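See below for start29.cif, which holds mmCIF, C-alpha atoms.
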data_input
loop_
_atom_site.label_atom_id
_atom_site.label_comp_id
_atom_site.auth_asym_id
_atom_site.auth_seq_id
_atom_site.Cartn_x
_atom_site.Cartn_y
_atom_site.Cartn_z
CA MET A 23 7.31 32.39 12.74
CA SER A 24 4.83 30.31 14.68
CA THR A 25 5.86 27.70 17.21
CA LEU A 26 4.50 24.94 14.96
CA ALA A 27 6.44 26.23 11.95
CA ARG A 28 9.64 26.46 14.02
CA ALA A 29 9.14 22.92 15.32
CA ASN A 30 8.56 21.69 11.77
CA ALA A 31 11.73 23.45 10.53
CA ASN A 32 13.77 21.91 13.36
CA TRP A 33 12.32 18.49 12.60
CA ASN A 34 13.18 18.84 8.90
CA LYS A 35 16.73 19.90 9.80
CA LEU A 36 17.11 16.80 11.98
CA LEU A 37 15.71 14.52 9.28
CA GLY A 38 18.02 16.10 6.71
CA TRP A 39 21.00 15.22 8.90
CA LEU A 40 19.73 11.67 9.34
CA GLY A 41 19.32 11.39 5.58
CA ALA A 42 23.09 11.77 5.26
CA LEU A 43 23.40 8.38 6.99
CA THR A 44 21.42 6.61 4.24
CA PRO A 45 24.50 5.38 2.31
CA LEU A 46 25.91 3.85 5.49
CA LEU A 47 22.60 2.12 6.23
CA ASP A 48 22.52 0.76 2.66
CA LEU A 49 26.02 -0.66 3.16
CA LEU A 50 25.13 -2.18 6.53
CA ILE A 51 22.04 -3.83 5.04
CA ARG A 52 24.10 -5.29 2.20
CA TYR A 53 26.78 -6.49 4.64
CA ASP A 54 24.29 -8.15 7.00
CA VAL A 55 22.53 -10.12 4.27
CA ALA A 56 25.70 -10.96 2.32
CA SER A 57 27.36 -12.23 5.48
CA ALA A 58 24.49 -14.57 6.37
CA PHE A 59 24.25 -16.11 2.90
CA PHE A 60 28.02 -16.38 2.38
CA LYS A 61 28.51 -18.15 5.73
CA SER A 62 25.78 -20.59 4.75
CA GLY A 63 27.55 -21.27 1.45
CA LEU A 64 30.86 -21.85 3.23
CA THR A 65 29.15 -24.37 5.50
CA LYS A 66 27.86 -26.23 2.47
CA ILE A 67 31.31 -26.60 0.86
CA GLU A 68 32.93 -27.79 4.10
CA SER A 69 31.36 -31.20 3.55
CA TRP A 70 29.94 -31.65 0.08
CA ASP A 71 28.73 -35.20 0.78
CA LYS A 72 26.79 -33.97 3.81
CA THR A 73 25.32 -31.12 1.76
CA VAL A 74 24.14 -33.46 -1.00
CA PHE A 75 22.71 -35.80 1.65
CA LEU A 76 20.74 -32.91 3.19
CA PHE A 77 19.38 -31.97 -0.23
CA GLN A 78 18.38 -35.61 -0.80
CA GLU A 79 16.76 -36.20 2.59
CA GLU A 80 15.89 -32.90 4.24
CA TYR A 81 15.53 -30.09 1.71
CA HIS A 82 12.85 -30.67 -0.88
CA VAL A 83 13.71 -28.32 -3.74
CA PRO A 84 10.96 -28.51 -6.33
CA LEU A 85 11.79 -29.36 -9.97
CA LEU A 86 15.50 -30.11 -9.43
CA PRO A 87 17.39 -33.29 -8.61
CA PRO A 88 19.11 -33.02 -5.18
CA GLU A 89 22.64 -32.80 -6.62
CA ALA A 90 21.70 -29.93 -8.94
CA ALA A 91 19.79 -28.16 -6.16
CA ALA A 92 22.83 -28.48 -3.86
CA PHE A 93 25.12 -27.09 -6.56
CA PHE A 94 22.88 -24.16 -7.51
CA GLY A 95 22.05 -23.32 -3.89
CA THR A 96 25.71 -23.34 -2.88
CA PHE A 97 26.70 -21.38 -5.97
CA GLY A 98 24.06 -18.74 -5.20
CA GLU A 99 25.17 -18.43 -1.59
CA LEU A 100 28.84 -18.00 -2.58
CA ALA A 101 28.65 -15.99 -5.83
CA PHE A 102 26.01 -13.35 -5.12
CA PRO A 103 26.90 -12.15 -1.58
CA PRO A 104 30.26 -10.61 -2.66
CA LEU A 105 28.47 -8.80 -5.49
CA LEU A 106 25.81 -7.58 -3.07
CA LEU A 107 28.37 -6.42 -0.53
CA LEU A 108 30.39 -4.52 -3.14
CA GLY A 109 27.25 -3.13 -4.72
CA LEU A 110 28.37 -4.47 -8.09
CA ALA A 111 25.26 -5.41 -10.06
CA GLY A 112 23.66 -4.77 -6.68
CA ARG A 113 20.02 -5.05 -7.72
CA PHE A 114 20.73 -8.22 -9.69
CA ALA A 115 22.56 -9.75 -6.71
CA ALA A 116 19.67 -8.77 -4.40
CA LEU A 117 17.15 -10.35 -6.78
CA ALA A 118 19.23 -13.54 -7.06
CA LEU A 119 19.55 -13.86 -3.27
CA PHE A 120 15.85 -13.03 -2.87
CA PHE A 121 15.14 -16.01 -5.12
CA VAL A 122 17.59 -18.24 -3.16
CA ASN A 123 15.83 -17.16 0.04
CA ILE A 124 12.38 -18.02 -1.36
CA VAL A 125 13.59 -21.41 -2.59
CA ALA A 126 15.05 -22.11 0.87
CA VAL A 127 11.73 -21.31 2.56
CA VAL A 128 9.72 -23.37 0.07
CA SER A 129 12.15 -26.31 0.20
CA TYR A 130 12.55 -26.39 3.94
CA TRP A 131 9.05 -25.28 4.93
CA HIS A 132 8.32 -28.46 6.88
CA VAL A 133 11.10 -27.49 9.32
CA LEU A 134 10.95 -23.69 9.12
CA GLY A 135 7.21 -23.74 9.79
CA LYS A 136 7.96 -25.29 13.20
CA ASN A 137 10.84 -22.93 13.99
CA GLU A 138 9.56 -19.36 14.25
CA ALA A 139 13.04 -17.87 14.73
CA ALA A 140 14.41 -19.48 11.56
CA LEU A 141 11.35 -18.43 9.57
CA ALA A 142 11.66 -14.90 10.96
CA SER A 143 15.30 -14.80 9.81
CA HIS A 144 14.26 -15.63 6.24
CA PHE A 145 11.54 -12.98 6.39
CA TYR A 146 14.09 -10.45 7.71
CA TRP A 147 16.55 -11.25 4.92
CA GLY A 148 13.76 -11.01 2.36
CA VAL A 149 12.78 -7.54 3.58
CA LEU A 150 16.39 -6.33 3.58
CA LEU A 151 16.95 -7.74 0.09
CA ALA A 152 13.76 -5.99 -1.05
CA VAL A 153 15.19 -2.68 0.23
CA THR A 154 18.29 -3.09 -1.94
CA LEU A 155 16.26 -4.41 -4.85
CA LEU A 156 13.83 -1.47 -4.82
CA HIS A 157 16.13 1.30 -3.58
CA GLY A 158 19.40 0.21 -5.17
CA PRO A 159 22.71 -0.42 -3.42
CA GLY A 160 23.25 3.26 -2.59
CA ARG A 161 26.14 5.69 -2.88
CA LEU A 162 28.67 3.44 -1.13
CA SER A 163 28.63 0.92 -3.96
CA LEU A 164 30.57 0.13 -7.10
CA ASP A 165 27.38 0.54 -9.13
CA HIS A 166 27.18 4.19 -7.99
CA TRP A 167 30.83 4.92 -8.77
CA ILE A 168 30.73 3.16 -12.14
CA ARG A 169 27.57 5.09 -13.09
CA ARG A 170 29.25 8.39 -12.10
CA TRP A 171 32.37 7.49 -14.11
CA VAL A 172 30.31 6.59 -17.21
CA GLU A 173 28.27 9.80 -16.92
CA ALA A 174 31.42 11.89 -16.57
CA ARG A 175 32.99 10.23 -19.61
CA SER A 176 29.90 10.77 -21.75
CA ALA A 177 29.49 14.43 -20.75
#
Represent the supplied structure as structure tokens.
Amino acid sequence: MSTLARANANWNKLLGWLGALTPLLDLLIRYDVASAFFKSGLTKIESWDKTVFLFQEEYHVPLLPPEAAAFFGTFGELAFPPLLLLGLAGRFAALALFFVNIVAVVSYWHVLGKNEAALASHFYWGVLLAVTLLHGPGRLSLDHWIRRWVEARSA
């Protein structure tokens, strides 16, 4: 076996071992994003009057009155992160939070455009949500275990 072929075989063995960590990475991605959005939702319900005021004066959500935007934004940040974390309807939860993230950027662009770190955070969350949306929640998810249970029952 040539040196190049041996090096390639060793590299593939290493990558195969790293591939075993994929479910853990999927879970960590889901945890990181779910945590950020859920904490934001908790902040909004701490003072509902303040939240509605911010949606009236600071956030400019298109097509919705401020009270409705505050309700739907808070609902999205509290309802979908637990689903994402558990990997229950994982792709749906990722899509819903992806939409919440886009609405946040569009609605708060006048401030985010001046704050590169905040804008980068939204970009980061969008990329991580896209991973779950396109790849699925992974093997450490309720979706995976439910699918396996259904397949076993139908076999």
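Using all atoms listed in the file, the smallest distance between any of A:Leu76, A:Ala29, A:Ala91, A:Leu100 and Ala56 in chain A comes from A:Leu100.
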Please identify all polymer residues within 10 Å of range 42-45 of chain A, counting only C-alpha atoms, omitting same-chain residues fewer than 2 positions from it, and present them as a ChimeraX atom specification. /A:37-40,47-51,159-163
Once the PyMOL selection byres ((chain A and resi 63) around 12) has been applied to the shown file, what residues remain in the selection, as a PDB file with C-alpha atoms, in the coordinates of the input?
ATOM      1  CA  ALA A  56      25.700 -10.960   2.320  1.00  0.00           C
ATOM      2  CA  SER A  57      27.360 -12.230   5.480  1.00  0.00           C
ATOM      3  CA  ALA A  58      24.490 -14.570   6.370  1.00  0.00           C
ATOM      4  CA  PHE A  59      24.250 -16.110   2.900  1.00  0.00           C
ATOM      5  CA  PHE A  60      28.020 -16.380   2.380  1.00  0.00           C
ATOM      6  CA  LYS A  61      28.510 -18.150   5.730  1.00  0.00           C
ATOM      7  CA  SER A  62      25.780 -20.590   4.750  1.00  0.00           C
ATOM      8  CA  LEU A  64      30.860 -21.850   3.230  1.00  0.00           C
ATOM      9  CA  THR A  65      29.150 -24.370   5.500  1.00  0.00           C
ATOM     10  CA  LYS A  66      27.860 -26.230   2.470  1.00  0.00           C
ATOM     11  CA  ILE A  67      31.310 -26.600   0.860  1.00  0.00           C
ATOM     12  CA  GLU A  68      32.930 -27.790   4.100  1.00  0.00           C
ATOM     13  CA  SER A  69      31.360 -31.200   3.550  1.00  0.00           C
ATOM     14  CA  TRP A  70      29.940 -31.650   0.080  1.00  0.00           C
ATOM     15  CA  THR A  73      25.320 -31.120   1.760  1.00  0.00           C
ATOM     16  CA  ALA A  92      22.830 -28.480  -3.860  1.00  0.00           C
ATOM     17  CA  PHE A  93      25.120 -27.090  -6.560  1.00  0.00           C
ATOM     18  CA  PHE A  94      22.880 -24.160  -7.510  1.00  0.00           C
ATOM     19  CA  GLY A  95      22.050 -23.320  -3.890  1.00  0.00           C
ATOM     20  CA  THR A  96      25.710 -23.340  -2.880  1.00  0.00           C
ATOM     21  CA  PHE A  97      26.700 -21.380  -5.970  1.00  0.00           C
ATOM     22  CA  GLY A  98      24.060 -18.740  -5.200  1.00  0.00           C
ATOM     23  CA  GLU A  99      25.170 -18.430  -1.590  1.00  0.00           C
ATOM     24  CA  LEU A 100      28.840 -18.000  -2.580  1.00  0.00           C
ATOM     25  CA  ALA A 101      28.650 -15.990  -5.830  1.00  0.00           C
ATOM     26  CA  PHE A 102      26.010 -13.350  -5.120  1.00  0.00           C
ATOM     27  CA  PRO A 103      26.900 -12.150  -1.580  1.00  0.00           C
ATOM     28  CA  PRO A 104      30.260 -10.610  -2.660  1.00  0.00           C
ATOM     29  CA  LEU A 119      19.550 -13.860  -3.270  1.00  0.00           C
ATOM     30  CA  VAL A 122      17.590 -18.240  -3.160  1.00  0.00           C
TER      31      VAL A 122
END
First collect every listed atom of range 30-42 of chain A; then fit an axis-aligned box around them, widen it by 8 Å on each side, and give centre and edge lengths in Å to one decimal, as AutoDock Vina command-line options.
--center_x 15.8 --center_y 17.4 --center_z 9.3 --size_x 30.5 --size_y 28.1 --size_z 24.1
- prompt: Can you list what the PyMOL selection byres ((chain A and resi 147-149) around 9) grabs from this structure, as number ranges by chain?
  reply: A: 54-55, 58, 119-120, 123-124, 142-146, 150-154
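Interatomic distance, CA of Ala118 in chain A against CA of Ile168 in chain A: 20.9 Å.
Taking CA of Leu164 in chain A as the reference point, CA of Ser176 in chain A is found at 18.1 Å.
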Expressed in Å, the length from CA of His166 in chain A to CA of Arg113 in chain A is 11.7 Å
query: Taking the file as shown, what set of residues would the PyMOL selection byres ((chain A and resi 77) around 10) give back, as a PyMOL selection string?
result: chain A and resi 71-76+78-83+87-93+95+129-130
